[in-house]
file my_file.tsv (TSV, C-alpha atoms)
chain	number	residue	atom	x	y	z
W	1	MET	CA	152.57	117.74	85.90
W	2	THR	CA	153.81	120.39	88.37
W	3	ASP	CA	157.42	120.70	89.49
W	4	GLU	CA	156.37	119.54	92.98
W	5	GLN	CA	154.77	116.38	91.58
W	6	GLU	CA	157.87	115.72	89.46
W	7	ILE	CA	160.14	116.01	92.51
W	8	LEU	CA	157.86	113.72	94.52
W	9	ASN	CA	157.85	111.15	91.72
W	10	ARG	CA	161.64	111.15	91.62
W	11	TRP	CA	161.88	110.67	95.37
W	12	ARG	CA	159.45	107.78	95.15
W	13	LEU	CA	161.50	106.23	92.34
W	14	MET	CA	164.68	106.54	94.39
W	15	LEU	CA	163.08	104.98	97.51
W	16	GLY	CA	161.65	102.09	95.51
W	17	SER	CA	158.41	100.12	95.59
W	18	SER	CA	158.76	99.41	99.30
W	19	ALA	CA	157.80	103.06	99.89
W	20	LYS	CA	154.52	102.92	98.02
W	21	GLY	CA	152.54	102.77	101.27
W	22	GLN	CA	153.93	106.17	102.26
W	23	ILE	CA	154.44	107.90	98.89
W	24	SER	CA	152.47	107.37	95.70
W	25	PHE	CA	153.29	108.39	92.17
W	26	SER	CA	151.12	111.21	90.87
W	27	GLU	CA	148.09	110.18	88.83
W	28	GLY	CA	148.92	109.20	85.26
W	29	SER	CA	152.63	108.62	85.94
W	30	VAL	CA	152.80	105.49	83.75
W	31	ARG	CA	156.40	106.16	82.77
W	32	TYR	CA	157.52	106.23	86.41
W	33	LEU	CA	155.70	102.96	87.09
W	34	GLU	CA	157.56	101.36	84.18
W	35	MET	CA	160.86	102.76	85.44
W	36	GLU	CA	160.17	101.30	88.87
W	37	ASP	CA	159.52	97.87	87.31
W	38	VAL	CA	162.84	98.03	85.50
W	39	LEU	CA	164.73	99.08	88.62
W	40	ASP	CA	163.05	96.43	90.77
W	41	PHE	CA	163.85	93.69	88.26
W	42	LEU	CA	167.53	94.44	88.77
W	43	TYR	CA	167.98	95.85	92.26
W	44	GLU	CA	165.62	93.59	94.21
W	45	ARG	CA	168.39	91.04	93.67
W	46	GLU	CA	170.26	92.99	96.33
W	47	TYR	CA	168.08	91.34	98.95
W	48	GLY	CA	168.99	87.80	97.91
W	49	GLU	CA	166.76	85.25	99.65
W	50	GLU	CA	164.61	88.05	101.06
W	51	GLN	CA	163.52	89.00	97.53
W	52	GLU	CA	160.47	86.71	97.45
W	53	ILE	CA	159.41	87.84	100.94
W	54	ARG	CA	159.62	91.46	99.84
W	55	LYS	CA	157.51	90.72	96.78
W	56	ASP	CA	154.85	89.08	98.91
W	57	ARG	CA	154.89	91.96	101.36
W	58	THR	CA	154.39	94.52	98.61
W	59	GLY	CA	151.48	92.62	97.17
W	60	GLY	CA	153.25	91.29	94.09
W	61	LYS	CA	155.10	93.23	91.46
W	62	GLU	CA	154.50	93.31	87.72
W	63	ALA	CA	158.30	93.43	87.32
W	64	SER	CA	158.35	89.69	87.89
W	65	ALA	CA	156.77	89.32	84.43
W	66	LEU	CA	159.83	90.87	82.79
W	67	THR	CA	162.38	88.68	81.04
W	68	VAL	CA	166.00	89.64	80.47
W	69	PRO	CA	165.35	90.66	76.83
W	70	SER	CA	162.23	92.69	77.66
W	71	TRP	CA	163.98	94.25	80.66
W	72	ILE	CA	166.84	95.42	78.44
W	73	GLY	CA	164.42	96.87	75.89
W	74	LYS	CA	162.46	98.79	78.54
W	75	MET	CA	165.61	100.02	80.25
W	76	ARG	CA	167.00	101.46	77.01
W	77	ARG	CA	163.70	103.15	76.24
W	78	LEU	CA	163.22	104.72	79.65
W	79	PHE	CA	166.69	105.74	80.84
W	80	PRO	CA	169.52	107.85	79.39
W	81	ARG	CA	172.53	106.11	77.88
W	82	ARG	CA	174.89	106.68	80.81
W	83	THR	CA	172.33	105.25	83.26
W	84	VAL	CA	171.82	102.24	81.01
W	85	GLU	CA	175.57	101.61	80.92
W	86	ILE	CA	175.74	101.67	84.73
W	87	MET	CA	172.75	99.34	85.09
W	88	GLU	CA	174.17	96.91	82.52
W	89	LYS	CA	177.45	96.88	84.40
W	90	HIS	CA	175.65	96.19	87.69
W	91	ALA	CA	173.58	93.45	86.06
W	92	LEU	CA	176.63	91.68	84.65
W	93	GLU	CA	179.23	92.24	87.36
W	94	LYS	CA	177.26	92.58	90.60
W	95	TYR	CA	174.17	90.47	90.02
W	96	GLU	CA	175.59	88.09	87.39
W	97	MET	CA	172.70	88.48	84.95
W	98	ASN	CA	174.86	87.14	82.18
W	99	GLU	CA	172.58	84.64	80.42
W	100	LEU	CA	172.66	86.42	77.09
W	101	LEU	CA	176.39	86.96	77.24
W	102	THR	CA	177.85	83.71	78.53
W	103	ASP	CA	175.31	80.94	78.05
W	104	PRO	CA	174.97	79.81	74.41
W	105	GLU	CA	172.05	77.54	75.35
W	106	VAL	CA	169.94	80.56	76.29
W	107	LEU	CA	170.54	82.11	72.88
W	108	ARG	CA	169.79	78.84	71.13
W	109	LYS	CA	166.41	78.60	72.86
W	110	LEU	CA	165.32	82.14	72.05
W	111	GLU	CA	163.13	82.66	68.99
W	112	PRO	CA	164.92	84.77	66.37
W	113	ASN	CA	162.78	87.87	65.86
W	114	GLN	CA	163.16	91.60	65.63
W	115	THR	CA	162.80	92.08	69.39
W	116	LEU	CA	165.69	89.70	70.05
W	117	LEU	CA	167.66	91.33	67.26
W	118	LYS	CA	167.31	94.70	68.96
W	119	THR	CA	168.50	93.21	72.27
W	120	ILE	CA	171.55	91.71	70.58
W	121	LEU	CA	172.41	95.00	68.91
W	122	GLY	CA	172.26	96.68	72.30
W	123	LEU	CA	174.56	94.13	73.97
W	124	LYS	CA	176.86	92.98	71.17
W	125	HIS	CA	179.72	95.10	72.46
W	126	MET	CA	179.79	92.83	75.55
W	127	MET	CA	179.62	89.53	73.66
W	128	LYS	CA	182.53	87.37	72.63
W	129	GLY	CA	183.42	83.88	71.46
W	130	GLU	CA	180.66	81.36	70.82
W	131	VAL	CA	177.92	83.68	72.09
W	132	LEU	CA	178.97	86.36	69.61
W	133	GLN	CA	178.90	83.85	66.76
W	134	LEU	CA	175.43	82.66	67.81
W	135	ALA	CA	174.31	86.28	68.02
W	136	ARG	CA	175.55	86.91	64.48
W	137	GLU	CA	173.57	83.90	63.26
W	138	ILE	CA	170.41	85.29	64.87
W	139	VAL	CA	171.04	88.64	63.19
W	140	ARG	CA	171.54	86.82	59.89
W	141	LYS	CA	168.26	84.86	60.22
W	142	VAL	CA	166.17	87.88	61.14
W	143	ALA	CA	167.75	90.04	58.42
W	144	LYS	CA	167.07	87.28	55.86
W	145	GLU	CA	163.42	87.01	56.92
W	146	LEU	CA	162.95	90.77	56.65
W	147	THR	CA	164.66	90.79	53.25
W	148	GLU	CA	162.40	88.03	51.93
W	149	LYS	CA	159.31	89.91	53.13
W	150	LEU	CA	160.34	93.19	51.52
W	151	GLU	CA	162.32	92.35	48.40
W	152	LYS	CA	159.52	91.24	46.08
W	153	ASP	CA	157.47	94.42	46.49
W	154	MET	CA	160.55	96.62	46.33
W	155	ARG	CA	161.70	95.04	43.07
W	156	ARG	CA	158.23	95.45	41.63
W	157	CYS	CA	158.28	99.17	42.45
W	158	LEU	CA	161.83	99.89	41.35
W	159	VAL	CA	162.81	97.49	38.58
W	160	GLY	CA	159.81	97.36	36.31
W	161	ARG	CA	156.92	99.49	35.26
W	162	LEU	CA	154.22	98.99	32.67
W	163	ASP	CA	155.14	100.20	29.19
W	164	LYS	CA	151.85	101.06	27.57
W	165	THR	CA	153.36	101.74	24.14
W	166	SER	CA	154.40	98.20	23.19
W	167	SER	CA	153.14	94.66	23.57
W	168	SER	CA	154.73	91.79	25.38
W	169	PRO	CA	154.71	88.01	24.90
W	170	VAL	CA	154.67	87.62	28.69
W	171	LYS	CA	151.10	86.55	29.45
W	172	SER	CA	150.12	87.46	32.98
W	173	ALA	CA	147.00	89.05	34.42
W	174	ARG	CA	148.91	92.02	35.81
W	175	ASN	CA	150.22	92.84	32.29
W	176	LEU	CA	146.83	92.58	30.54
W	177	ASP	CA	146.21	95.49	28.12
W	178	ILE	CA	142.40	95.67	28.21
W	179	ARG	CA	141.96	98.59	25.79
W	180	LYS	CA	144.20	97.14	23.08
W	181	THR	CA	142.58	93.72	23.49
W	182	ILE	CA	139.13	95.24	22.91
W	183	ARG	CA	140.28	97.27	19.88
W	184	SER	CA	142.00	94.26	18.33
W	185	ASN	CA	138.90	92.10	18.62
W	186	LEU	CA	136.12	94.53	17.67
W	187	LYS	CA	136.05	93.01	14.19
W	188	HIS	CA	135.08	89.69	15.80
W	189	TYR	CA	131.92	91.10	17.39
W	190	ASP	CA	129.09	88.51	17.46
W	191	LYS	CA	125.83	90.42	16.87
W	192	GLU	CA	123.57	87.49	17.79
W	193	ARG	CA	125.12	86.97	21.20
W	194	GLY	CA	126.03	90.62	21.71
W	195	GLN	CA	129.61	89.69	22.63
W	196	ILE	CA	133.13	90.28	21.42
W	197	VAL	CA	134.85	87.01	20.57
W	198	LEU	CA	138.42	87.21	21.83
W	199	GLN	CA	140.83	85.80	19.30
W	200	GLN	CA	143.83	87.89	20.33
W	201	ILE	CA	144.72	88.97	23.88
W	202	CYS	CA	147.27	91.74	24.26
W	203	PHE	CA	149.64	92.44	27.15
W	204	HIS	CA	151.75	95.40	28.19
W	205	SER	CA	155.49	94.93	28.15
W	206	ARG	CA	157.65	95.74	31.15
W	207	LEU	CA	160.51	98.15	30.92
W	208	LYS	CA	163.61	97.85	33.08
W	209	ARG	CA	165.41	101.02	33.99
W	210	TYR	CA	169.18	100.74	34.11
W	211	HIS	CA	170.11	104.43	34.13
W	212	LYS	CA	171.77	104.49	37.53
W	213	TRP	CA	170.49	106.57	40.37
W	214	ARG	CA	172.61	107.12	43.45
W	215	ILE	CA	170.75	106.38	46.67
W	216	ILE	CA	172.36	107.71	49.84
W	217	ILE	CA	170.80	106.38	53.03
W	218	CYS	CA	171.92	108.39	56.06
W	219	VAL	CA	170.76	106.82	59.31
W	220	ASP	CA	170.66	108.18	62.85
W	221	GLU	CA	171.86	105.31	65.06
W	222	SER	CA	170.47	106.64	68.33
W	223	GLY	CA	168.62	104.05	70.43
W	224	SER	CA	165.20	105.54	69.73
W	225	MET	CA	165.70	104.91	66.00
W	226	LEU	CA	166.63	101.23	66.31
W	227	ASP	CA	163.68	99.81	64.35
W	228	SER	CA	164.41	102.29	61.57
W	229	VAL	CA	168.12	101.40	61.63
W	230	ILE	CA	167.27	97.71	61.15
W	231	HIS	CA	164.95	98.37	58.20
W	232	SER	CA	167.41	100.84	56.66
W	233	ALA	CA	170.18	98.24	56.72
W	234	VAL	CA	167.94	95.57	55.17
W	235	MET	CA	166.63	97.91	52.48
W	236	ALA	CA	170.12	99.15	51.64
W	237	GLY	CA	171.13	95.53	51.07
W	238	ILE	CA	168.20	95.06	48.66
W	239	PHE	CA	168.95	98.33	46.84
W	240	ALA	CA	172.59	97.31	46.41
W	241	ARG	CA	171.54	94.28	44.35
W	242	LEU	CA	169.42	96.31	41.91
W	243	PRO	CA	171.21	97.19	38.65
W	244	MET	CA	169.82	100.70	38.29
W	245	LEU	CA	170.89	101.87	41.75
W	246	GLU	CA	174.23	102.76	43.28
W	247	THR	CA	173.70	102.58	47.02
W	248	LYS	CA	175.61	104.35	49.78
W	249	LEU	CA	174.92	103.76	53.47
W	250	VAL	CA	176.05	106.14	56.20
W	251	ILE	CA	175.32	105.91	59.92
W	252	PHE	CA	175.92	108.65	62.45
W	253	ASP	CA	175.66	109.92	65.99
W	254	THR	CA	178.17	112.69	66.67
W	255	ALA	CA	180.56	110.89	64.31
W	256	VAL	CA	179.93	109.62	60.79
W	257	VAL	CA	180.68	106.07	59.61
W	258	ASP	CA	180.44	105.16	55.94
W	259	LEU	CA	179.30	101.52	55.64
W	260	SER	CA	178.92	101.53	51.86
W	261	GLY	CA	181.55	98.81	51.58
W	262	TYR	CA	179.33	96.45	53.60
W	263	VAL	CA	176.01	97.53	52.14
W	264	GLU	CA	175.25	94.17	50.48
W	265	ASP	CA	175.55	92.36	53.82
W	266	PRO	CA	172.98	93.59	56.38
W	267	VAL	CA	174.65	91.46	59.08
W	268	GLU	CA	177.94	93.34	58.80
W	269	THR	CA	176.04	96.60	58.68
W	270	LEU	CA	173.97	95.88	61.79
W	271	MET	CA	176.91	94.51	63.76
W	272	SER	CA	178.79	97.74	63.00
W	273	ILE	CA	176.33	100.12	64.61
W	274	GLN	CA	176.96	101.69	68.02
W	275	LEU	CA	173.69	102.65	69.68
W	276	GLY	CA	173.32	105.82	71.69
W	277	GLY	CA	175.49	108.90	71.92
W	278	GLY	CA	174.75	112.42	70.74
W	279	THR	CA	173.37	113.45	67.38
W	280	ASN	CA	174.97	115.70	64.77
W	281	ILE	CA	172.62	115.54	61.79
W	282	ALA	CA	174.21	118.52	60.06
W	283	GLY	CA	177.63	116.89	60.16
W	284	ALA	CA	176.24	113.69	58.65
W	285	LEU	CA	174.47	115.62	55.87
W	286	GLN	CA	177.66	117.52	55.09
W	287	TYR	CA	179.44	114.20	54.62
W	288	CYS	CA	176.63	112.90	52.39
W	289	GLU	CA	176.69	116.10	50.36
W	290	GLY	CA	180.23	115.16	49.39
W	291	LEU	CA	178.90	111.88	47.95
W	292	ILE	CA	176.62	113.66	45.47
W	293	ASP	CA	178.08	113.63	41.93
W	294	PHE	CA	174.97	114.10	39.78
W	295	PRO	CA	172.34	115.87	41.90
W	296	TYR	CA	169.44	115.33	39.50
W	297	ARG	CA	169.91	111.56	39.76
W	298	THR	CA	170.48	111.42	43.52
W	299	LEU	CA	168.07	110.56	46.32
W	300	LEU	CA	169.34	111.36	49.79
W	301	ILE	CA	167.25	109.53	52.39
W	302	LEU	CA	167.82	110.88	55.90
W	303	VAL	CA	166.43	108.62	58.62
W	304	THR	CA	166.25	110.52	61.92
W	305	ASP	CA	163.93	111.86	64.60
W	306	LEU	CA	165.37	115.35	63.87
W	307	TYR	CA	166.43	116.02	67.45
W	308	GLU	CA	169.62	117.83	66.51
W	309	GLY	CA	172.53	118.18	68.89
W	310	GLY	CA	174.80	120.10	66.52
W	311	GLY	CA	172.70	123.24	66.06
W	312	TYR	CA	169.54	123.57	63.99
W	313	GLN	CA	170.81	126.46	61.87
W	314	ASN	CA	173.64	124.25	60.62
W	315	LEU	CA	171.11	121.53	59.80
W	316	TYR	CA	168.90	123.95	57.87
W	317	ALA	CA	171.84	125.46	55.98
W	318	VAL	CA	173.27	122.17	54.70
W	319	SER	CA	169.77	120.85	53.88
W	320	LYS	CA	169.05	123.95	51.83
W	321	GLY	CA	172.27	123.47	49.87
W	322	ILE	CA	171.38	119.85	49.06
W	323	ILE	CA	167.86	120.73	47.93
W	324	GLU	CA	169.03	123.68	45.81
W	325	SER	CA	171.60	121.45	44.10
W	326	GLY	CA	168.75	119.46	42.56
W	327	ALA	CA	169.12	116.35	44.68
W	328	ARG	CA	165.96	114.99	46.31
W	329	LEU	CA	166.05	115.05	50.09
W	330	LEU	CA	163.67	112.68	51.84
W	331	VAL	CA	163.54	112.92	55.63
W	332	LEU	CA	162.10	109.81	57.23
W	333	THR	CA	161.11	110.28	60.85
W	334	ALA	CA	160.44	106.53	60.99
W	335	LEU	CA	161.12	103.63	58.62
W	336	ASP	CA	159.58	100.41	59.88
W	337	ARG	CA	156.45	98.31	59.60
W	338	GLU	CA	154.57	100.47	62.11
W	339	ALA	CA	155.88	103.88	60.97
W	340	SER	CA	154.88	105.47	64.27
W	341	PRO	CA	157.35	108.31	64.76
W	342	ALA	CA	158.31	110.56	67.64
W	343	TYR	CA	160.21	113.49	66.18
W	344	ASP	CA	160.90	117.22	66.29
W	345	LYS	CA	157.86	118.58	64.48
W	346	ARG	CA	159.22	122.12	64.32
W	347	ALA	CA	162.37	121.01	62.51
W	348	ALA	CA	160.27	118.82	60.22
W	349	GLY	CA	158.12	121.81	59.29
W	350	VAL	CA	161.14	123.98	58.47
W	351	LEU	CA	162.68	121.31	56.25
W	352	ALA	CA	159.38	120.65	54.48
W	353	GLY	CA	159.08	124.38	53.81
W	354	MET	CA	162.49	124.27	52.12
W	355	GLY	CA	161.38	121.54	49.73
W	356	ALA	CA	162.39	118.38	51.54
W	357	HIS	CA	159.86	115.56	51.57
W	358	VAL	CA	159.25	114.74	55.25
W	359	ALA	CA	157.29	111.65	56.26
W	360	ALA	CA	157.15	108.45	58.28
W	361	MET	CA	157.01	105.48	55.93
W	362	THR	CA	156.83	101.74	55.83
W	363	PRO	CA	159.43	100.10	53.54
W	364	GLU	CA	156.71	99.49	50.95
W	365	GLN	CA	155.73	103.17	50.94
W	366	LEU	CA	159.37	104.19	50.52
W	367	SER	CA	159.70	101.90	47.50
W	368	GLU	CA	156.58	103.39	45.93
W	369	TRP	CA	157.87	106.92	46.54
W	370	MET	CA	161.25	106.12	45.01
W	371	GLY	CA	159.61	104.45	42.02
W	372	ASN	CA	157.52	107.56	41.36
W	373	ILE	CA	160.54	109.86	41.61
W	374	MET	CA	162.71	107.75	39.33
W	375	GLY	CA	159.91	107.12	36.86
call {"tool": "encode", "arguments": {"input": "my_file.tsv", "output": "structure tokens"}}
result
Amino acid sequence: MTDEQEILNRWRLMLGSSAKGQISFSEGSVRYLEMEDVLDFLYEREYGEEQEIRKDRTGGKEASALTVPSWIGKMRRLFPRRTVEIMEKHALEKYEMNELLTDPEVLRKLEPNQTLLKTILGLKHMMKGEVLQLAREIVRKVAKELTEKLEKDMRRCLVGRLDKTSSSPVKSARNLDIRKTIRSNLKHYDKERGQIVLQQICFHSRLKRYHKWRIIICVDESGSMLDSVIHSAVMAGIFARLPMLETKLVIFDTAVVDLSGYVEDPVETLMSIQLGGGTNIAGALQYCEGLIDFPYRTLLILVTDLYEGGGYQNLYAVSKGIIESGARLLVLTALDREASPAYDKRAAGVLAGMGAHVAAMTPEQLSEWMGNIMG
């Protein structure tokens, strides 16, 4: 897109959809069309009773399909933090779009899910009283559902592994020791039928590892990382209940907040985050470096899109020190069920070249990776 097209798009956005007969967005400007929908959803309220007439005159707007939760999600994705704050203030104070903040019945009717959870986390600083309590209950329900979905596989990866040197009385298909079973029953081979008669079935035992590892989860709480923040909080809660792990949880923007004291309660963790702001990854890593006591039994999991606001050289320097200490540094550019990241690929390449493991992972993949490292 040329500079001239960009300027024209911005003018069109400022004039609004009523100007589309005179000025059109440049071809392929999907982002600007979405921004216009978001702006219209809020600012067409300025026209009061004329709003429906204006919609008819402009041939109908897709913005009418937006709901308050979806509008908030789109607004936060498309506009910078300061703009979002201004629009939220206009919505609440000027246009009285306060359903999520003042009407408990609206919250009660909404289906608890991750989309609603993200909306609540974006607006919780404006909630109070009964609405805040209802919001906390929604956070609790969604966090519990995510925990139940993830915990079984995570425990399987981290708590137990097959011990192929000893047998077990626990008879389950997943523990079946096929080779030992065959060897033990070769003497019962039936020549006439050409079959081995199984008189003894052997199973692997399962070992539990209780030599503690320290897991430090360091999470970028910027708005673009919200799905990853949610999964990080839930996974930290699961890790905290495993006997072989000592779990620390740190969140950051330009400041660092250590939430290790709340790590077993994802609700407290999630309600403590403050979305948006700048990003100082190096500062957060320096803090986490101070939490490393035994480097060779430490996994430092950095969850961030790697867009550094504190200077990349500082980021590289502290990362190098952590890696050279013997601690494992895993940089997750996304941690959610989709694992579809948008991140600074140049910074990722530099860190990978230093020896950090850089990837986007689902929670299940992270558990497998940790199990392999600690095995």
call {"tool": "residues_around", "arguments": {"input": "my_file.tsv", "residues": "segment 214-217 of chain W", "least_positions_apart": "4", "cutoff": "10 Å", "atoms": "all atoms listed in the file", "output": "PyMOL selection string"}}
result
chain W and resi 232-233+235-236+239-240+244-251+260+288-289+291-303+327-330+370
call {"tool": "residues_near_point", "arguments": {"input": "my_file.tsv", "point": "(183.0, 89.7, 62.1)", "cutoff": "10 Å", "atoms": "all atoms listed in the file", "output": "list in words"}}
result
Leu132, Gln133, Arg136, Val267, Glu268, Met271 and Ser272 of chain W
call {"tool": "residues_around", "arguments": {"input": "my_file.tsv", "residues": "Ser319 of chain W", "least_positions_apart": "2", "cutoff": "9 Å", "atoms": "all atoms listed in the file", "output": "PDB file with C-alpha atoms, in the frame of the given file"}}
result
ATOM      1  CA  ALA W 282     174.210 118.520  60.060  1.00  0.00           C
ATOM      2  CA  LEU W 285     174.470 115.620  55.870  1.00  0.00           C
ATOM      3  CA  GLN W 286     177.660 117.520  55.090  1.00  0.00           C
ATOM      4  CA  ASN W 314     173.640 124.250  60.620  1.00  0.00           C
ATOM      5  CA  LEU W 315     171.110 121.530  59.800  1.00  0.00           C
ATOM      6  CA  TYR W 316     168.900 123.950  57.870  1.00  0.00           C
ATOM      7  CA  ALA W 317     171.840 125.460  55.980  1.00  0.00           C
ATOM      8  CA  GLY W 321     172.270 123.470  49.870  1.00  0.00           C
ATOM      9  CA  ILE W 322     171.380 119.850  49.060  1.00  0.00           C
ATOM     10  CA  ILE W 323     167.860 120.730  47.930  1.00  0.00           C
ATOM     11  CA  GLU W 324     169.030 123.680  45.810  1.00  0.00           C
ATOM     12  CA  LEU W 329     166.050 115.050  50.090  1.00  0.00           C
ATOM     13  CA  LEU W 351     162.680 121.310  56.250  1.00  0.00           C
ATOM     14  CA  MET W 354     162.490 124.270  52.120  1.00  0.00           C
ATOM     15  CA  ALA W 356     162.390 118.380  51.540  1.00  0.00           C
TER      16      ALA W 356
END
call {"tool": "axis_aligned_box", "arguments": {"input": "my_file.tsv", "around": "segment 10-24 of chain W", "padding_each_side": "8 Å", "output": "AutoDock Vina command-line options"}}
result
--center_x 158.6 --center_y 105.3 --center_z 96.9 --size_x 28.2 --size_y 27.7 --size_z 26.6
call {"tool": "atom_distance", "arguments": {"input": "my_file.tsv", "atom1": "atom CA of Ser222 of chain W", "atom2": "atom CA of Val331 of chain W"}}
result
15.8 Å
call {"tool": "closest_residue", "arguments": {"input": "my_file.tsv", "among": "W:Ser325, W:Ser340, W:Thr362, W:Thr254", "to": "Gly311 of chain W", "atoms": "all atoms listed in the file"}}
result
W:Thr254
call {"tool": "atom_distance", "arguments": {"input": "my_file.tsv", "atom1": "atom CA of Asp40 of chain W", "atom2": "atom CA of Gly21 of chain W"}}
result
16.2 Å
call {"tool": "closest_residue", "arguments": {"input": "my_file.tsv", "among": "W:Arg337, W:His90, W:Arg10, W:Arg155", "to": "Gln114 of chain W", "atoms": "all atoms listed in the file"}}
result
W:Arg337
call {"tool": "closest_residue", "arguments": {"input": "my_file.tsv", "among": "W:Thr67, W:Ser26, W:Asn372, W:Ser184", "to": "Val38 of chain W", "atoms": "only C-alpha atoms"}}
result
W:Thr67
call {"tool": "atom_distance", "arguments": {"input": "my_file.tsv", "atom1": "atom CA of Leu100 of chain W", "atom2": "atom CA of Ile120 of chain W"}}
result
8.5 Å
call {"tool": "residues_near_point", "arguments": {"input": "my_file.tsv", "point": "(154.5, 93.3, 69.5)", "cutoff": "12 Å", "atoms": "all atoms listed in the file", "output": "MDAnalysis selection string"}}
result
chainID W and resid 70 113:116 337:338
call {"tool": "closest_atom_pairs", "arguments": {"input": "my_file.tsv", "of": "segment 211-317 of chain W", "to": "segment 142-151 of chain W", "cutoff": "7 Å", "atoms": "all atoms listed in the file", "output": "Markdown table"}}
result
| residue | atom | partner | partner_atom | distance |
| --- | --- | --- | --- | --- |
| W:Val234 | CA | W:Thr147 | CA | 6.1 |
| W:Ile238 | CA | W:Glu151 | CA | 6.5 |
| W:Pro266 | CA | W:Ala143 | CA | 6.6 |
call {"tool": "closest_residue", "arguments": {"input": "my_file.tsv", "among": "W:Met126, W:Asp190, W:Lys152, W:Gly371", "to": "Lys89 of chain W", "atoms": "only C-alpha atoms"}}
result
W:Met126
call {"tool": "residues_around", "arguments": {"input": "my_file.tsv", "residues": "Thr333 of chain W", "least_positions_apart": "3", "cutoff": "9 Å", "atoms": "all atoms listed in the file", "output": "VMD selection string"}}
result
chain W and resid 225 228 302 to 306 339 to 344 348 358 to 361
call {"tool": "closest_residue", "arguments": {"input": "my_file.tsv", "among": "W:Val229, W:Cys218, W:Leu332, W:Met87", "to": "Gly283 of chain W", "atoms": "all atoms listed in the file"}}
result
W:Cys218
call {"tool": "build_atoms", "arguments": {"input": "my_file.tsv", "residues": "segment 298-311 of chain W", "atoms": "N, CA and C atoms", "output": "mmCIF file, in the frame of the given file"}}
result
data_model
loop_
_atom_site.group_PDB
_atom_site.id
_atom_site.type_symbol
_atom_site.label_atom_id
_atom_site.label_comp_id
_atom_site.auth_asym_id
_atom_site.auth_seq_id
_atom_site.Cartn_x
_atom_site.Cartn_y
_atom_site.Cartn_z
ATOM 1 N N THR W 298 170.105 111.815 42.158
ATOM 2 C CA THR W 298 170.480 111.420 43.520
ATOM 3 C C THR W 298 169.292 111.561 44.454
ATOM 4 N N LEU W 299 169.043 110.517 45.228
ATOM 5 C CA LEU W 299 168.070 110.560 46.320
ATOM 6 C C LEU W 299 168.837 110.426 47.619
ATOM 7 N N LEU W 300 168.708 111.427 48.472
ATOM 8 C CA LEU W 300 169.340 111.360 49.790
ATOM 9 C C LEU W 300 168.233 111.103 50.810
ATOM 10 N N ILE W 301 168.285 109.939 51.432
ATOM 11 C CA ILE W 301 167.250 109.530 52.390
ATOM 12 C C ILE W 301 167.832 109.661 53.796
ATOM 13 N N LEU W 302 167.364 110.642 54.532
ATOM 14 C CA LEU W 302 167.820 110.880 55.900
ATOM 15 C C LEU W 302 166.823 110.264 56.872
ATOM 16 N N VAL W 303 167.298 109.319 57.673
ATOM 17 C CA VAL W 303 166.430 108.620 58.620
ATOM 18 C C VAL W 303 166.789 109.101 60.026
ATOM 19 N N THR W 304 165.930 109.911 60.629
ATOM 20 C CA THR W 304 166.250 110.520 61.920
ATOM 21 C C THR W 304 164.990 111.059 62.577
ATOM 22 N N ASP W 305 165.053 111.229 63.892
ATOM 23 C CA ASP W 305 163.930 111.860 64.600
ATOM 24 C C ASP W 305 164.071 113.379 64.647
ATOM 25 N N LEU W 306 165.145 113.910 64.025
ATOM 26 C CA LEU W 306 165.370 115.350 63.870
ATOM 27 C C LEU W 306 165.672 116.084 65.177
ATOM 28 N N TYR W 307 165.981 115.351 66.238
ATOM 29 C CA TYR W 307 166.430 116.020 67.450
ATOM 30 C C TYR W 307 167.929 116.265 67.313
ATOM 31 N N GLU W 308 168.252 117.480 66.902
ATOM 32 C CA GLU W 308 169.620 117.830 66.510
ATOM 33 C C GLU W 308 170.443 118.304 67.698
ATOM 34 N N GLY W 309 171.632 117.748 67.823
ATOM 35 C CA GLY W 309 172.530 118.180 68.890
ATOM 36 C C GLY W 309 173.606 119.119 68.399
ATOM 37 N N GLY W 310 173.722 119.286 67.078
ATOM 38 C CA GLY W 310 174.800 120.100 66.520
ATOM 39 C C GLY W 310 174.368 121.487 66.092
ATOM 40 N N GLY W 311 173.163 121.900 66.424
ATOM 41 C CA GLY W 311 172.700 123.240 66.060
ATOM 42 C C GLY W 311 171.768 123.197 64.865
#
